[in-house]
$ cat structure.cif   # mmCIF, C-alpha atoms and all ligand atoms
data_data
#
loop_
_atom_site.label_atom_id
_atom_site.label_comp_id
_atom_site.auth_asym_id
_atom_site.auth_seq_id
_atom_site.Cartn_x
_atom_site.Cartn_y
_atom_site.Cartn_z
CA MET A 143 35.43 -43.67 -24.96
CA ASN A 144 38.26 -44.83 -27.20
CA ILE A 145 36.86 -46.33 -30.39
CA GLU A 146 39.58 -48.95 -30.72
CA LYS A 147 38.85 -50.27 -27.22
CA PHE A 148 35.30 -51.42 -28.01
CA LEU A 149 35.03 -51.85 -31.75
CA PRO A 150 36.30 -54.19 -34.42
CA SER A 151 39.15 -52.69 -36.38
CA GLN A 152 36.92 -52.27 -39.38
CA VAL A 153 34.83 -49.30 -38.27
CA LYS A 154 35.19 -46.05 -40.18
CA VAL A 155 33.51 -42.92 -38.85
CA ALA A 156 33.06 -39.87 -41.06
CA SER A 157 31.22 -36.58 -40.75
CA PRO A 158 27.81 -36.70 -42.46
CA ASP A 159 29.11 -34.72 -45.43
CA ARG A 160 32.15 -37.01 -45.87
CA LEU A 161 30.51 -40.43 -45.44
CA ALA A 162 29.68 -40.89 -49.12
CA GLU A 163 33.22 -40.05 -50.24
CA THR A 164 34.68 -42.45 -47.67
CA VAL A 165 32.55 -45.29 -49.02
CA VAL A 166 33.13 -44.50 -52.70
CA LEU A 167 36.93 -44.37 -52.29
CA TRP A 168 36.79 -47.74 -50.47
CA LEU A 169 34.65 -49.23 -53.27
CA GLU A 170 36.97 -47.84 -55.93
CA LYS A 171 39.88 -49.82 -54.46
CA ILE A 172 37.85 -53.04 -54.08
CA ALA A 173 36.50 -52.71 -57.63
CA THR A 174 39.91 -51.96 -59.14
CA ASP A 175 41.42 -55.03 -57.46
CA ALA A 176 38.47 -57.28 -58.44
CA VAL A 177 38.57 -56.19 -62.09
CA LYS A 178 42.35 -56.65 -62.19
CA THR A 179 42.09 -60.14 -60.64
CA ASN A 180 38.84 -61.48 -62.13
CA GLY A 181 37.97 -59.17 -64.98
CA GLU A 182 34.74 -58.05 -63.31
CA CYS A 183 33.27 -56.83 -60.00
CA HIS A 184 29.95 -58.06 -58.60
CA VAL A 185 28.22 -55.54 -56.28
CA ALA A 186 24.94 -56.04 -54.40
CA LEU A 187 23.34 -52.66 -53.70
CA SER A 188 21.35 -51.92 -50.56
CA GLY A 189 18.07 -50.06 -50.55
CA GLY A 190 16.48 -47.50 -48.27
CA SER A 191 17.51 -43.85 -48.16
CA THR A 192 21.04 -43.86 -46.70
CA PRO A 193 22.94 -45.15 -49.75
CA LYS A 194 21.34 -42.69 -52.20
CA ALA A 195 24.02 -40.02 -51.60
CA ILE A 196 26.73 -42.66 -52.16
CA TYR A 197 25.22 -43.76 -55.46
CA GLN A 198 24.88 -40.13 -56.56
CA LEU A 199 28.53 -39.44 -55.72
CA MET A 200 29.64 -42.52 -57.69
CA ALA A 201 27.82 -41.10 -60.72
CA SER A 202 29.23 -37.59 -60.27
CA GLU A 203 31.80 -36.00 -62.57
CA ASN A 204 34.66 -36.33 -60.06
CA TYR A 205 34.09 -40.03 -59.38
CA ALA A 206 32.38 -41.74 -62.32
CA GLY A 207 35.69 -41.97 -64.21
CA ARG A 208 37.17 -44.12 -61.44
CA PHE A 209 35.12 -47.20 -62.31
CA GLU A 210 35.30 -49.50 -65.36
CA TRP A 211 31.52 -49.59 -65.81
CA ASN A 212 31.56 -52.29 -68.48
CA LYS A 213 33.22 -54.60 -65.96
CA MET A 214 30.94 -53.73 -63.02
CA LYS A 215 27.83 -55.87 -62.42
CA PHE A 216 25.14 -54.57 -60.07
CA TYR A 217 22.58 -56.61 -58.19
CA PHE A 218 20.12 -55.89 -55.35
CA GLY A 219 20.38 -57.21 -51.80
CA ASP A 220 16.64 -56.96 -51.41
CA GLU A 221 13.58 -55.48 -53.04
CA ARG A 222 10.16 -54.28 -52.08
CA THR A 223 7.36 -56.11 -53.91
CA VAL A 224 6.32 -53.12 -55.98
CA PRO A 225 6.77 -52.30 -59.69
CA HIS A 226 10.23 -51.02 -60.68
CA ASP A 227 8.80 -47.55 -61.38
CA HIS A 228 7.23 -47.31 -57.91
CA PRO A 229 8.72 -44.67 -55.55
CA ASP A 230 9.44 -47.41 -52.96
CA SER A 231 11.43 -49.56 -55.41
CA ASN A 232 15.10 -50.05 -54.52
CA TYR A 233 15.71 -50.61 -58.24
CA LYS A 234 14.18 -47.20 -59.04
CA MET A 235 16.27 -45.48 -56.36
CA ALA A 236 19.51 -47.01 -57.67
CA MET A 237 18.61 -46.36 -61.32
CA ASP A 238 17.75 -42.71 -60.64
CA ALA A 239 20.76 -42.04 -58.40
CA LEU A 240 23.42 -44.05 -60.26
CA LEU A 241 22.72 -46.64 -62.93
CA SER A 242 20.95 -44.38 -65.43
CA ARG A 243 23.71 -41.78 -65.06
CA VAL A 244 26.82 -43.87 -65.88
CA PRO A 245 27.85 -45.77 -69.05
CA ILE A 246 27.06 -49.23 -67.67
CA PRO A 247 25.72 -51.80 -70.15
CA SER A 248 22.07 -52.62 -69.32
CA GLU A 249 22.96 -56.32 -69.32
CA ASN A 250 25.20 -55.62 -66.29
CA ILE A 251 22.24 -54.56 -64.14
CA PHE A 252 20.29 -57.39 -62.50
CA ALA A 253 16.96 -56.25 -61.07
CA ILE A 254 14.86 -58.50 -58.87
CA ASN A 255 11.65 -59.30 -60.75
CA THR A 256 8.71 -58.37 -58.52
CA ASN A 257 5.93 -59.16 -60.98
CA CYS A 258 4.90 -62.58 -59.63
CA LYS A 259 1.65 -63.79 -58.04
CA ASP A 260 3.78 -65.94 -55.72
CA PHE A 261 6.86 -63.99 -54.60
CA ASN A 262 8.67 -67.27 -53.92
CA VAL A 263 8.76 -67.63 -57.70
CA CYS A 264 10.45 -64.23 -58.02
CA ALA A 265 12.97 -65.25 -55.35
CA ALA A 266 13.73 -68.53 -57.13
CA GLN A 267 14.13 -66.69 -60.43
CA TYR A 268 16.62 -64.27 -58.89
CA GLN A 269 18.55 -67.10 -57.30
CA GLN A 270 18.93 -68.60 -60.80
CA VAL A 271 20.22 -65.28 -62.12
CA LEU A 272 22.81 -65.15 -59.34
CA LYS A 273 23.83 -68.75 -59.99
CA GLN A 274 24.48 -67.82 -63.62
CA GLN A 275 26.53 -64.75 -62.75
CA LEU A 276 28.43 -65.19 -59.51
CA PRO A 277 31.55 -67.22 -58.80
CA VAL A 278 30.74 -69.99 -56.31
CA SER A 279 32.52 -70.77 -53.02
CA ALA A 280 33.74 -74.23 -52.03
CA GLN A 281 30.61 -74.43 -49.83
CA GLY A 282 28.44 -73.88 -52.90
CA PHE A 283 27.34 -70.27 -52.34
CA GLY A 284 27.64 -67.34 -54.73
CA GLN A 285 30.36 -64.83 -53.87
CA PHE A 286 29.73 -61.13 -54.36
CA ASP A 287 32.80 -58.91 -54.34
CA VAL A 288 30.81 -56.38 -52.31
CA VAL A 289 27.48 -56.52 -50.47
CA PHE A 290 26.27 -53.14 -49.28
CA LEU A 291 23.90 -53.32 -46.31
CA GLY A 292 21.95 -50.74 -44.34
CA MET A 293 20.50 -51.10 -40.86
CA GLY A 294 16.97 -50.38 -39.75
CA GLU A 295 16.17 -48.98 -36.29
CA ASP A 296 15.01 -52.48 -35.29
CA GLY A 297 18.37 -53.98 -36.23
CA HIS A 298 17.25 -55.51 -39.54
CA THR A 299 19.42 -55.52 -42.60
CA ALA A 300 18.43 -56.15 -46.22
CA SER A 301 14.94 -57.58 -45.64
CA LEU A 302 16.09 -59.79 -42.79
CA PHE A 303 13.67 -58.52 -40.17
CA PRO A 304 13.39 -59.64 -36.52
CA GLY A 305 11.00 -62.55 -36.01
CA THR A 306 10.82 -63.62 -39.66
CA ASP A 307 11.47 -67.14 -40.92
CA ILE A 308 14.10 -66.02 -43.46
CA LEU A 309 16.51 -65.55 -40.53
CA SER A 310 16.89 -69.32 -40.26
CA GLU A 311 17.34 -69.96 -43.99
CA ARG A 312 20.56 -71.93 -44.48
CA LYS A 313 20.33 -73.21 -48.06
CA ARG A 314 18.60 -70.73 -50.35
CA TRP A 315 20.55 -67.76 -51.67
CA VAL A 316 17.38 -65.66 -52.12
CA SER A 317 14.03 -65.94 -50.38
CA ALA A 318 10.64 -64.23 -50.23
CA VAL A 319 9.54 -63.18 -46.76
CA TYR A 320 6.28 -61.79 -45.40
CA VAL A 321 7.08 -58.93 -43.00
CA GLN A 322 4.14 -58.68 -40.59
CA LYS A 323 5.13 -55.27 -39.21
CA LEU A 324 5.11 -53.81 -42.70
CA GLU A 325 2.18 -55.96 -43.87
CA THR A 326 4.03 -56.70 -47.08
CA TRP A 327 6.21 -59.25 -48.85
CA ARG A 328 9.87 -58.59 -49.48
CA ILE A 329 12.48 -60.47 -51.54
CA SER A 330 15.95 -60.71 -49.97
CA ILE A 331 19.32 -62.37 -50.16
CA THR A 332 19.93 -64.63 -47.16
CA PHE A 333 22.60 -64.82 -44.47
CA PRO A 334 24.48 -67.72 -46.11
CA LEU A 335 24.83 -65.74 -49.34
CA ILE A 336 25.81 -62.52 -47.52
CA ASN A 337 28.35 -64.38 -45.39
CA HIS A 338 30.13 -65.80 -48.43
CA ALA A 339 30.78 -62.35 -49.88
CA TYR A 340 34.40 -61.20 -50.13
CA ASN A 341 33.47 -57.82 -48.65
CA VAL A 342 30.45 -56.62 -46.67
CA ALA A 343 30.02 -52.89 -46.07
CA PHE A 344 27.43 -51.62 -43.63
CA ILE A 345 26.41 -48.02 -44.23
CA VAL A 346 24.66 -46.47 -41.23
CA ALA A 347 23.90 -42.80 -40.71
CA GLY A 348 21.77 -40.70 -38.41
CA GLU A 349 21.27 -40.14 -34.69
CA ASN A 350 18.26 -42.48 -34.74
CA LYS A 351 20.63 -45.41 -35.30
CA ALA A 352 23.11 -44.44 -32.52
CA GLU A 353 21.63 -46.59 -29.73
CA LYS A 354 21.54 -49.73 -31.88
CA ILE A 355 25.12 -49.08 -33.03
CA ARG A 356 26.17 -48.82 -29.37
CA GLU A 357 24.38 -52.07 -28.48
CA ILE A 358 25.80 -53.92 -31.47
CA LEU A 359 29.37 -52.63 -31.72
CA ALA A 360 30.20 -51.73 -28.11
CA GLN A 361 27.99 -54.09 -26.08
CA LYS A 362 27.73 -56.87 -28.68
CA VAL A 363 24.28 -57.84 -27.36
CA ASN A 364 23.82 -60.38 -30.17
CA GLN A 365 20.07 -59.79 -30.34
CA TYR A 366 19.50 -58.35 -33.79
CA PRO A 367 19.42 -59.88 -37.28
CA ILE A 368 22.26 -57.64 -38.50
CA GLU A 369 24.55 -59.30 -35.94
CA LYS A 370 24.25 -62.60 -37.85
CA VAL A 371 26.24 -61.06 -40.70
CA SER A 372 29.74 -62.42 -40.30
CA PRO A 373 31.53 -62.85 -43.63
CA ARG A 374 34.72 -64.87 -43.59
CA ASP A 375 36.64 -62.06 -45.19
CA ASN A 376 36.25 -58.32 -44.88
CA CYS A 377 33.44 -56.57 -42.97
CA VAL A 378 33.47 -52.78 -42.67
CA TRP A 379 31.09 -50.50 -40.79
CA PHE A 380 30.83 -47.06 -42.40
CA LEU A 381 29.17 -44.76 -39.86
CA ASP A 382 28.51 -41.08 -39.89
CA SER A 383 29.37 -39.22 -36.68
CA ASN A 384 25.69 -39.06 -35.69
CA ALA A 385 25.24 -42.84 -35.80
CA ALA A 386 28.58 -43.27 -33.99
CA LYS A 387 27.95 -40.63 -31.31
CA LEU A 388 27.47 -43.12 -28.45
CA ILE A 389 30.62 -45.12 -29.20
CA VAL A 390 33.18 -42.41 -29.84
CA ASP A 391 34.17 -39.33 -27.90
C1 LIG A 401 15.39 -51.60 -47.66
C2 LIG A 401 16.78 -51.93 -47.17
C3 LIG A 401 16.81 -51.87 -45.68
C4 LIG A 401 17.48 -50.54 -45.33
C5 LIG A 401 17.31 -50.20 -43.88
C6 LIG A 401 17.86 -48.79 -43.59
O1 LIG A 401 14.99 -52.15 -48.68
O2 LIG A 401 14.77 -50.73 -47.01
O3 LIG A 401 17.28 -53.03 -47.68
O4 LIG A 401 17.52 -52.92 -45.07
O5 LIG A 401 18.87 -50.64 -45.66
O6 LIG A 401 15.94 -50.25 -43.57
O7 LIG A 401 17.09 -47.88 -44.34
P1 LIG A 401 17.45 -46.31 -44.35
O8 LIG A 401 18.76 -46.18 -45.06
O9 LIG A 401 16.32 -45.67 -45.11
O10 LIG A 401 17.53 -45.89 -42.89
#

$ encode --input "structure.cif" --output "C-alpha cells"
Amino acid sequence: MNIEKFLPSQVKVASPDRLAETVVLWLEKIATDAVKTNGECHVALSGGSTPKAIYQLMASENYAGRFEWNKMKFYFGDERTVPHDHPDSNYKMAMDALLSRVPIPSENIFAINTNCKDFNVCAAQYQQVLKQQLPVSAQGFGQFDVVFLGMGEDGHTASLFPGTDILSERKRWVSAVYVQKLETWRISITFPLINHAYNVAFIVAGENKAEKIREILAQKVNQYPIEKVSPRDNCVWFLDSNAAKLIVD
C-alpha cells in the first residue's frame, strides 16, 4: 500500500530506534524559527511512556546544544491528579528525562498544580497561567508553538478520552475531567486550545497502536477523540514502523 495514496502529507515513519531523532530534529527547526521570530518557543509536552525517549535525546550531549533553553518555555498537555513526585506524574517523567538535565530556568517550566480538593480549581489556575504566558489568536485562544500529543489504544489523546464531557468543551482552554474507565480525575488542555496551536505533533509507537492508526489515517473512520484534533496550521504524525505497519508496505 503506497503511503502517499492514503495518508495526509504530514506523516513521517521511522524505525523504532530513529523515531526520537526524527522528532527532535523537527522540533529543533520549529524552535529555532520561533525564537528567531518571537524571541521564545512555547511547547506543551505530552505524557505517557512514548515521549520519554524523545525527551532523553533532547537532553543528550549531541542534541542539548541545539536549543536556546532560556528561550524555551515548557508546559503540560495534561496531568494525572497525583503529586509531582508520584511515578505516574507526567511532570515527574518530563523532569527526570529532560527538564532537570538541561540549563532551562525553572521559571520557564509550567507544571499543572494537582494539589486541589476540587480539580476544576487546578484547571482554572492552569488556564490563568497559560493566559499570562501564551500569545492569543484572533479567536481568543492561546497559541502554543508546539503541542506534542500521544495516542492511547482507545483513540484518546492528552486526557481527552472517549465518552467524556471534556470532548464537547468549546470555551475553556483547560478542564478537569473524571475518566470513569480509569476511576480517576485528569486535568487536560481542550480541543479549542490544541487546535489553535501553530504546530501539533502526534507521536505514536508500537504494534498495539497499528490498528487504530490504520482506522484513523487510512480509513478516516472519524470515531475517536484524537480525530477531532485539526489545527489550522501544521499537523504531523510521527510514527514508528510498528505503529505504521498496517498503512505502509
Ligand atoms: C497521558 C497522556 C496520554 C498518552 C497516551 C499514550 O497522560 O497518559 O497524555 O494521552 O499520550 O495514553 O500513552 P503511551 O505513550 O504510554 O502509549

$ closest_atom_pairs --input "structure.cif" --of "chain A" --to "ligand LIG 401 (chain A)" --cutoff "10 Å" --atoms "all atoms listed in the file" --output "tab-separated table"
residue	atom	partner	partner_atom	distance
A:Leu187	CA	A:LIG401	O3	8.5
A:Ser188	CA	A:LIG401	O3	5.1
A:Gly189	CA	A:LIG401	C2	4.1
A:Gly190	CA	A:LIG401	O9	3.7
A:Ser191	CA	A:LIG401	O9	3.7
A:Thr192	CA	A:LIG401	O8	3.6
A:Pro193	CA	A:LIG401	O8	6.4
A:Lys194	CA	A:LIG401	O8	8.4
A:Phe218	CA	A:LIG401	O3	8.7
A:Gly219	CA	A:LIG401	O3	6.6
A:Asp220	CA	A:LIG401	O3	5.5
A:Glu221	CA	A:LIG401	O1	5.7
A:Arg222	CA	A:LIG401	O1	6.3
A:Asp230	CA	A:LIG401	O1	8.5
A:Ser231	CA	A:LIG401	O1	8.0
A:Asn232	CA	A:LIG401	O1	6.2
A:Tyr233	CA	A:LIG401	O1	9.7
A:Phe290	CA	A:LIG401	O5	8.6
A:Leu291	CA	A:LIG401	O5	5.7
A:Gly292	CA	A:LIG401	O5	3.4
A:Met293	CA	A:LIG401	C6	4.4
A:Gly294	CA	A:LIG401	O6	4.0
A:Glu295	CA	A:LIG401	O6	7.4
A:Asp296	CA	A:LIG401	O6	8.6
A:Gly297	CA	A:LIG401	O6	8.6
A:His298	CA	A:LIG401	O4	6.1
A:Thr299	CA	A:LIG401	O4	4.1
A:Ala300	CA	A:LIG401	O4	3.5
A:Ser301	CA	A:LIG401	O4	5.4
A:Leu302	CA	A:LIG401	O4	7.4
A:Phe303	CA	A:LIG401	O4	8.4
A:Arg328	CA	A:LIG401	O1	8.3
A:Ile329	CA	A:LIG401	O1	9.1
A:Ser330	CA	A:LIG401	O3	8.1
A:Ile331	CA	A:LIG401	O3	9.9
A:Phe344	CA	A:LIG401	O5	8.9
A:Ile345	CA	A:LIG401	O8	7.9
A:Val346	CA	A:LIG401	O8	7.0
A:Ala347	CA	A:LIG401	O10	7.4
A:Gly348	CA	A:LIG401	O10	8.1
A:Asn350	CA	A:LIG401	O10	8.9
A:Lys351	CA	A:LIG401	O10	8.2
A:Ile368	CA	A:LIG401	O4	9.4

$ closest_residue --input "structure.cif" --among "A:Tyr217, A:Phe380, A:Phe209, A:Gln285" --to "Glu163 of chain A" --atoms "all atoms listed in the file"
A:Phe380

$ closest_residue --input "structure.cif" --among "A:Asn337, A:Asn257, A:Thr223, A:Gln270" --to "Glu369 of chain A" --atoms "all atoms listed in the file"
A:Asn337

$ residues_around --input "structure.cif" --residues "Phe252 of chain A" --least-positions-apart "5" --cutoff "12 Å" --atoms "all atoms listed in the file" --output "mmCIF file with C-alpha atoms, in the frame of the given file"
data_model
loop_
_atom_site.group_PDB
_atom_site.id
_atom_site.type_symbol
_atom_site.label_atom_id
_atom_site.label_comp_id
_atom_site.auth_asym_id
_atom_site.auth_seq_id
_atom_site.Cartn_x
_atom_site.Cartn_y
_atom_site.Cartn_z
ATOM 1 C CA HIS A 184 29.950 -58.060 -58.600
ATOM 2 C CA VAL A 185 28.220 -55.540 -56.280
ATOM 3 C CA ALA A 186 24.940 -56.040 -54.400
ATOM 4 C CA LEU A 187 23.340 -52.660 -53.700
ATOM 5 C CA MET A 214 30.940 -53.730 -63.020
ATOM 6 C CA LYS A 215 27.830 -55.870 -62.420
ATOM 7 C CA PHE A 216 25.140 -54.570 -60.070
ATOM 8 C CA TYR A 217 22.580 -56.610 -58.190
ATOM 9 C CA PHE A 218 20.120 -55.890 -55.350
ATOM 10 C CA GLY A 219 20.380 -57.210 -51.800
ATOM 11 C CA ASP A 220 16.640 -56.960 -51.410
ATOM 12 C CA GLU A 221 13.580 -55.480 -53.040
ATOM 13 C CA TYR A 233 15.710 -50.610 -58.240
ATOM 14 C CA ALA A 236 19.510 -47.010 -57.670
ATOM 15 C CA MET A 237 18.610 -46.360 -61.320
ATOM 16 C CA LEU A 241 22.720 -46.640 -62.930
ATOM 17 C CA ILE A 246 27.060 -49.230 -67.670
ATOM 18 C CA PRO A 247 25.720 -51.800 -70.150
ATOM 19 C CA GLN A 267 14.130 -66.690 -60.430
ATOM 20 C CA TYR A 268 16.620 -64.270 -58.890
ATOM 21 C CA GLN A 269 18.550 -67.100 -57.300
ATOM 22 C CA GLN A 270 18.930 -68.600 -60.800
ATOM 23 C CA VAL A 271 20.220 -65.280 -62.120
ATOM 24 C CA LEU A 272 22.810 -65.150 -59.340
ATOM 25 C CA GLN A 274 24.480 -67.820 -63.620
ATOM 26 C CA GLN A 275 26.530 -64.750 -62.750
ATOM 27 C CA LEU A 276 28.430 -65.190 -59.510
#

$ closest_residue --input "structure.cif" --among "A:Val166, A:Leu309, A:Leu240, A:Ala318" --to "Ala343 of chain A" --atoms "all atoms listed in the file"
A:Val166

$ closest_residue --input "structure.cif" --among "A:Arg374, A:Lys362, A:Arg356, A:Lys313" --to "Val342 of chain A" --atoms "only C-alpha atoms"
A:Arg374

$ atom_distance --input "structure.cif" --atom1 "atom CA of Gly282 of chain A" --atom2 "atom CA of Ala266 of chain A"
16.2 Å

$ atom_distance --input "structure.cif" --atom1 "atom CA of Leu169 of chain A" --atom2 "atom CA of Ile358 of chain A"
24.0 Å

$ closest_residue --input "structure.cif" --among "A:Val390, A:Lys213, A:Thr332, A:Ser383" --to "Arg160 of chain A" --atoms "only C-alpha atoms"
A:Ser383

$ residues_around --input "structure.cif" --residues "Met200 of chain A" --least-positions-apart "4" --cutoff "9 Å" --atoms "all atoms listed in the file" --output "short mmCIF file (atom, residue, chain, number, x, y, z; two decimals) with C-alpha atoms, in the frame of the given file"
data_model
loop_
_atom_site.label_atom_id
_atom_site.label_comp_id
_atom_site.auth_asym_id
_atom_site.auth_seq_id
_atom_site.Cartn_x
_atom_site.Cartn_y
_atom_site.Cartn_z
CA ALA A 162 29.68 -40.89 -49.12
CA GLU A 163 33.22 -40.05 -50.24
CA VAL A 166 33.13 -44.50 -52.70
CA ALA A 195 24.02 -40.02 -51.60
CA ILE A 196 26.73 -42.66 -52.16
CA ASN A 204 34.66 -36.33 -60.06
CA TYR A 205 34.09 -40.03 -59.38
CA ALA A 206 32.38 -41.74 -62.32
CA GLY A 207 35.69 -41.97 -64.21
CA ARG A 208 37.17 -44.12 -61.44
CA PHE A 209 35.12 -47.20 -62.31
CA ALA A 239 20.76 -42.04 -58.40
CA LEU A 240 23.42 -44.05 -60.26
CA VAL A 244 26.82 -43.87 -65.88
#

$ atom_distance --input "structure.cif" --atom1 "atom CA of Cys258 of chain A" --atom2 "atom CA of His226 of chain A"
12.8 Å

$ closest_residue --input "structure.cif" --among "A:Val155, A:Val288, A:Ala385, A:Cys183" --to "Glu357 of chain A" --atoms "all atoms listed in the file"
A:Ala385

$ residues_near_point --input "structure.cif" --point "(29.2, -71.5, -53.8)" --cutoff "10 Å" --atoms "only C-alpha atoms" --output "list in words"
Lys273, Leu276, Pro277, Val278, Ser279, Ala280, Gln281, Gly282, Phe283, Gly284, Gln285, Trp315, Pro334, Leu335 and His338 of chain A
